[in-house]
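Asker: The structure under discussion is supplied below as structure tokens; questions concerning it will follow.
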Amino acid sequence: MSASWALLITCEHGGADIPAAYAPLFDGWRDALASHRGHDFGALSTARRLARAVDSAPLLFSTTSRMLVDLNRSLGHPGLFSEATKGLPRRDKDAILARYYHPHRDAVAAVVAEGIAADRTVLHIASHSFTPRLRGVTRHCDVGFLYDPGRSAEKDFCRNWLRELACLDGDLILRRNYPYKGVSDGMVTAFRRRFGERYLGVELEVNQRFALGGDEALGSISETLADALQRALGRTAS
Ligand SMILES: [Zn+2]
């Protein structure tokens with residue numbers, strides 16, 4: 001990785017914590033909280049491994065459940081608040097945003113701004129995971145790379161990371177902009193608009209079958225992703 005690059009790892013859906021003050025709102029939502037709707041299984045563990053793979057890559061994460069407020073949705077998006085919180089009065093929603101949403105988004109933005117001010121291009125990888133089956137449909141994918149196909153630097157980086165991953169494990173099913181589109185609403189989409197060409201935003205989507213398969217399966221895919229990332233960064237910088 002050349003000196004003109006800076007890597008940043010984040011995890012917006014890293015846990016299913018509900019602050020005590022809001023616990024009563026979730027009395028009827030315990031099963032949902034414990035499911036993929038509550039958080040991204042394995043995503044924080046993978047994020048930690050990716051951050052360790054590259055010297056001094058900052059890792060910013062949240063372990064508060066996205067069912068309180070979704071850090072990966074824009075203000076005004078219908079999915080910002082969940083069924084458990086969308087009926088709250090405006091002032092309560094504002095309090096949740098002030099305490100749990102803005103601090104994370106602002107901290108990530110500050111690291112990006114700092115990198116750009118230091119004349120670097122910032123590569124932001126947001127670690128997520130997806131449920132293997134949704135509404136009865138099996139998703140035939142192990143790892144998805146979400147990016148904006150209209151931005152060549154993001155496309156090139158993802159192509160390199162995907163290739164390196166395929167070299168390390170030819171059995172993995174790797175897909176681009178699956179199970180979601182890289183340009184859908186999300187933090188990286190908002191930051192592309194805000195920071196422009198010096199910002200590269202990529203969402204990593206790992207199948208939760210690894211995390212649900214136990215520590216060994218999750219550790220193995222995280223390790224392989226980290227190895228491939230190191231190789232891809234070497235290739236991108238050359
Ligand atoms: Zn997620």
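By convention here, the chains of the structure tokens are called A, B, ... in the order presented, each chain's residues are numbered starting at 1, and ligands are numbered starting at 1 in the order presented.
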Give me, as a tab-separated table, each residue of chain A that comes within 12 Å of ligand 1, together with its shortest interatomic pair and the distance in Å at one decimal, counting only C-alpha atoms and all ligand atoms, with rows ordered by chain and rising residue number.
Answerer:
residue	atom	partner	partner_atom_place_in_ligand_line	distance
A:Thr10	CA	ligand 1	1 (Zn)	10.5
A:Cys11	CA	ligand 1	1 (Zn)	7.6
A:Glu12	CA	ligand 1	1 (Zn)	6.4
A:His13	CA	ligand 1	1 (Zn)	5.0
A:Gly14	CA	ligand 1	1 (Zn)	8.0
A:Gly15	CA	ligand 1	1 (Zn)	10.2
A:Ala16	CA	ligand 1	1 (Zn)	11.8
A:His36	CA	ligand 1	1 (Zn)	9.1
A:Arg37	CA	ligand 1	1 (Zn)	9.3
A:Gly38	CA	ligand 1	1 (Zn)	9.8
A:His39	CA	ligand 1	1 (Zn)	7.0
A:Asp40	CA	ligand 1	1 (Zn)	5.4
A:Phe41	CA	ligand 1	1 (Zn)	9.0
A:Gly42	CA	ligand 1	1 (Zn)	10.3
A:Ala43	CA	ligand 1	1 (Zn)	7.7
A:Leu44	CA	ligand 1	1 (Zn)	10.0
A:Ala47	CA	ligand 1	1 (Zn)	11.7
A:Phe61	CA	ligand 1	1 (Zn)	11.4
A:Ser62	CA	ligand 1	1 (Zn)	11.0
A:Thr63	CA	ligand 1	1 (Zn)	11.6
A:Ser65	CA	ligand 1	1 (Zn)	10.4
A:Arg66	CA	ligand 1	1 (Zn)	8.5
A:Met67	CA	ligand 1	1 (Zn)	11.6
A:Asp70	CA	ligand 1	1 (Zn)	8.9
A:Leu71	CA	ligand 1	1 (Zn)	9.0
A:Asn72	CA	ligand 1	1 (Zn)	7.3
A:Arg73	CA	ligand 1	1 (Zn)	10.2
A:Ala126	CA	ligand 1	1 (Zn)	8.4
A:Ser127	CA	ligand 1	1 (Zn)	7.1
A:His128	CA	ligand 1	1 (Zn)	4.1
A:Ser129	CA	ligand 1	1 (Zn)	5.7
A:Phe130	CA	ligand 1	1 (Zn)	7.2
A:Thr131	CA	ligand 1	1 (Zn)	10.1
A:Leu146	CA	ligand 1	1 (Zn)	11.8
A:Pro179	CA	ligand 1	1 (Zn)	11.4
A:Tyr180	CA	ligand 1	1 (Zn)	10.7
A:Asp185	CA	ligand 1	1 (Zn)	11.9
A:Gly186	CA	ligand 1	1 (Zn)	9.5
A:Met187	CA	ligand 1	1 (Zn)	10.6
A:Glu203	CA	ligand 1	1 (Zn)	8.8
A:Leu204	CA	ligand 1	1 (Zn)	9.0
A:Glu205	CA	ligand 1	1 (Zn)	7.7
A:Val206	CA	ligand 1	1 (Zn)	9.6
A:Asn207	CA	ligand 1	1 (Zn)	11.1
A:Gln208	CA	ligand 1	1 (Zn)	10.9
Asker: Compile the contact shell of stretch 166-169 of chain A as a list in words: residues with an atom at most 12 Å away, counting only C-alpha atoms, same-chain residues fewer than 2 positions apart removed.
Answerer: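 So, after excluding close chain neighbours, the residues are Asp142, Val143, Arg159, Asn160, Trp161, Leu162, Arg163, Glu164, Asp171, Leu172, Ile173, Leu174, Arg175, Ser220, Ile221, Glu223, Thr224, Leu225, Ala226, Asp227, Ala228, Leu229, Arg231 and Ala232 of chain A.
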Asker: How close does stretch 77-188 of chain A get to stretch 55-60 of chain A? List, as a Markdown table, each residue of stretch 77-188 of chain A within 9 Å, its nearest atom pair and the distance in Å to one decimal, counting only C-alpha atoms.
Answerer:
| residue | atom | partner | partner_atom | distance |
| --- | --- | --- | --- | --- |
| A:His104 | CA | A:Leu60 | CA | 7.5 |
| A:Ala107 | CA | A:Leu60 | CA | 7.7 |
| A:Val108 | CA | A:Leu60 | CA | 6.9 |
| A:Val111 | CA | A:Pro58 | CA | 8.4 |
Asker: Assign secondary structure with DSSP using the backbone only, and return the residues of stretch 12-207 of chain A in strand (DSSP E) as a ChimeraX atom specification.
Answerer: /A:59-61,121-130,133-134,137-138,143-146,174-176,199-207
Asker: Just the helix (DSSP H, G or I) stuff from stretch 61-236 of chain A, please, per backbone DSSP, written as number ranges by chain.
Answerer: A: 90-117, 152-168, 187-198, 209-212, 215-236
Asker: If I take atom CA of A:Ser82 and atom CA of A:Trp29, how far is one from the other in Å, to one decimal?
Answerer: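 Computing it gives 10.4 Å between the two atoms.
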Asker: Please provide the set of residues having any atom within 10 Å of A:Leu68, restricted to only C-alpha atoms, with same-chain residues fewer than 4 positions apart removed, written as a PyMOL selection string.
Answerer: chain A and resi 16-19+22-23+25-26+33+38+64+80-86+93+96-97+100-101
Asker: Find the residue from A:Lys181, A:Arg90, A:Arg198, A:His102 that sits nearest to A:Gly144; use only C-alpha atoms when measuring.
Answerer: A:Lys181
Asker: Stretch 147-198 of chain A near stretch 114-118 of chain A within 12 Å: what's each residue's closest atom pair and its distance in Å to one decimal, counting only C-alpha atoms, ordered by chain then ascending residue number, as CSV?
Answerer:
residue,atom,partner,partner_atom,distance
A:Phe195,CA,A:Ile116,CA,8.6
A:Gly196,CA,A:Ile116,CA,10.2
A:Glu197,CA,A:Ile116,CA,10.0
A:Arg198,CA,A:Ile116,CA,6.6
Asker: Pull N, CA, C and O atoms from the residues just selected and write them as a PDB file, in the first residue's frame.
Answerer:
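Printed below is out.pdb as written:
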ATOM      1  N   PHE A 195     -17.534  13.303   0.198  1.00  0.00           N
ATOM      2  CA  PHE A 195     -16.080  13.455   0.128  1.00  0.00           C
ATOM      3  C   PHE A 195     -15.501  13.371  -1.282  1.00  0.00           C
ATOM      4  O   PHE A 195     -14.330  13.701  -1.489  1.00  0.00           O
ATOM      5  N   GLY A 196     -16.276  12.890  -2.246  1.00  0.00           N
ATOM      6  CA  GLY A 196     -15.799  12.907  -3.627  1.00  0.00           C
ATOM      7  C   GLY A 196     -14.769  11.845  -3.954  1.00  0.00           C
ATOM      8  O   GLY A 196     -14.713  10.784  -3.328  1.00  0.00           O
ATOM      9  N   GLU A 197     -13.929  12.140  -4.934  1.00  0.00           N
ATOM     10  CA  GLU A 197     -13.030  11.146  -5.524  1.00  0.00           C
ATOM     11  C   GLU A 197     -11.924  10.650  -4.594  1.00  0.00           C
ATOM     12  O   GLU A 197     -11.342   9.596  -4.836  1.00  0.00           O
ATOM     13  N   ARG A 198     -11.589  11.416  -3.567  1.00  0.00           N
ATOM     14  CA  ARG A 198     -10.517  10.980  -2.673  1.00  0.00           C
ATOM     15  C   ARG A 198     -11.011   9.951  -1.656  1.00  0.00           C
ATOM     16  O   ARG A 198     -10.261   9.520  -0.782  1.00  0.00           O
TER      17      ARG A 198
END
Asker: Can you work out the spacing between atom CA of A:Pro103 and atom CA of A:Arg193 in Å, to one decimal?
Answerer: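 Computing it gives 19.6 Å between the two atoms.
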Asker: Got a sec: who's within 12 Å of A:Arg192, counting only C-alpha atoms, leaving out chain neighbours fewer than 2 positions off, as an mmCIF file with C-alpha atoms, in the first residue's frame?
Answerer:
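Written out: part-v2.cif:
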data_model
loop_
_atom_site.group_PDB
_atom_site.id
_atom_site.type_symbol
_atom_site.label_atom_id
_atom_site.label_comp_id
_atom_site.auth_asym_id
_atom_site.auth_seq_id
_atom_site.Cartn_x
_atom_site.Cartn_y
_atom_site.Cartn_z
ATOM 1 C CA ALA A 109 -16.325 11.160 8.789
ATOM 2 C CA VAL A 112 -11.952 10.248 6.365
ATOM 3 C CA VAL A 122 -9.078 6.974 1.931
ATOM 4 C CA LEU A 123 -10.257 3.408 1.367
ATOM 5 C CA HIS A 124 -13.166 2.710 3.706
ATOM 6 C CA TYR A 147 -19.266 -0.777 -4.687
ATOM 7 C CA ASP A 148 -20.373 1.892 -7.129
ATOM 8 C CA GLY A 150 -19.464 3.993 -11.933
ATOM 9 C CA ARG A 151 -16.324 4.587 -9.850
ATOM 10 C CA GLU A 154 -13.660 1.094 -6.218
ATOM 11 C CA GLY A 182 -23.389 -0.819 -3.739
ATOM 12 C CA VAL A 183 -25.212 2.383 -4.600
ATOM 13 C CA SER A 184 -28.212 1.734 -2.308
ATOM 14 C CA ASP A 185 -28.642 3.906 0.769
ATOM 15 C CA GLY A 186 -25.806 3.410 3.245
ATOM 16 C CA MET A 187 -22.959 5.210 4.943
ATOM 17 C CA VAL A 188 -20.488 4.694 2.093
ATOM 18 C CA THR A 189 -23.058 5.972 -0.421
ATOM 19 C CA ALA A 190 -23.544 9.135 1.626
ATOM 20 C CA ARG A 194 -19.780 14.136 0.731
ATOM 21 C CA PHE A 195 -16.080 13.455 0.128
ATOM 22 C CA GLY A 196 -15.799 12.907 -3.627
ATOM 23 C CA GLU A 197 -13.030 11.146 -5.524
ATOM 24 C CA ARG A 198 -10.517 10.980 -2.673
ATOM 25 C CA TYR A 199 -12.883 8.635 -0.859
ATOM 26 C CA LEU A 200 -13.402 4.982 -1.813
ATOM 27 C CA GLY A 201 -16.276 3.243 -0.055
ATOM 28 C CA VAL A 202 -16.733 -0.533 -0.171
#
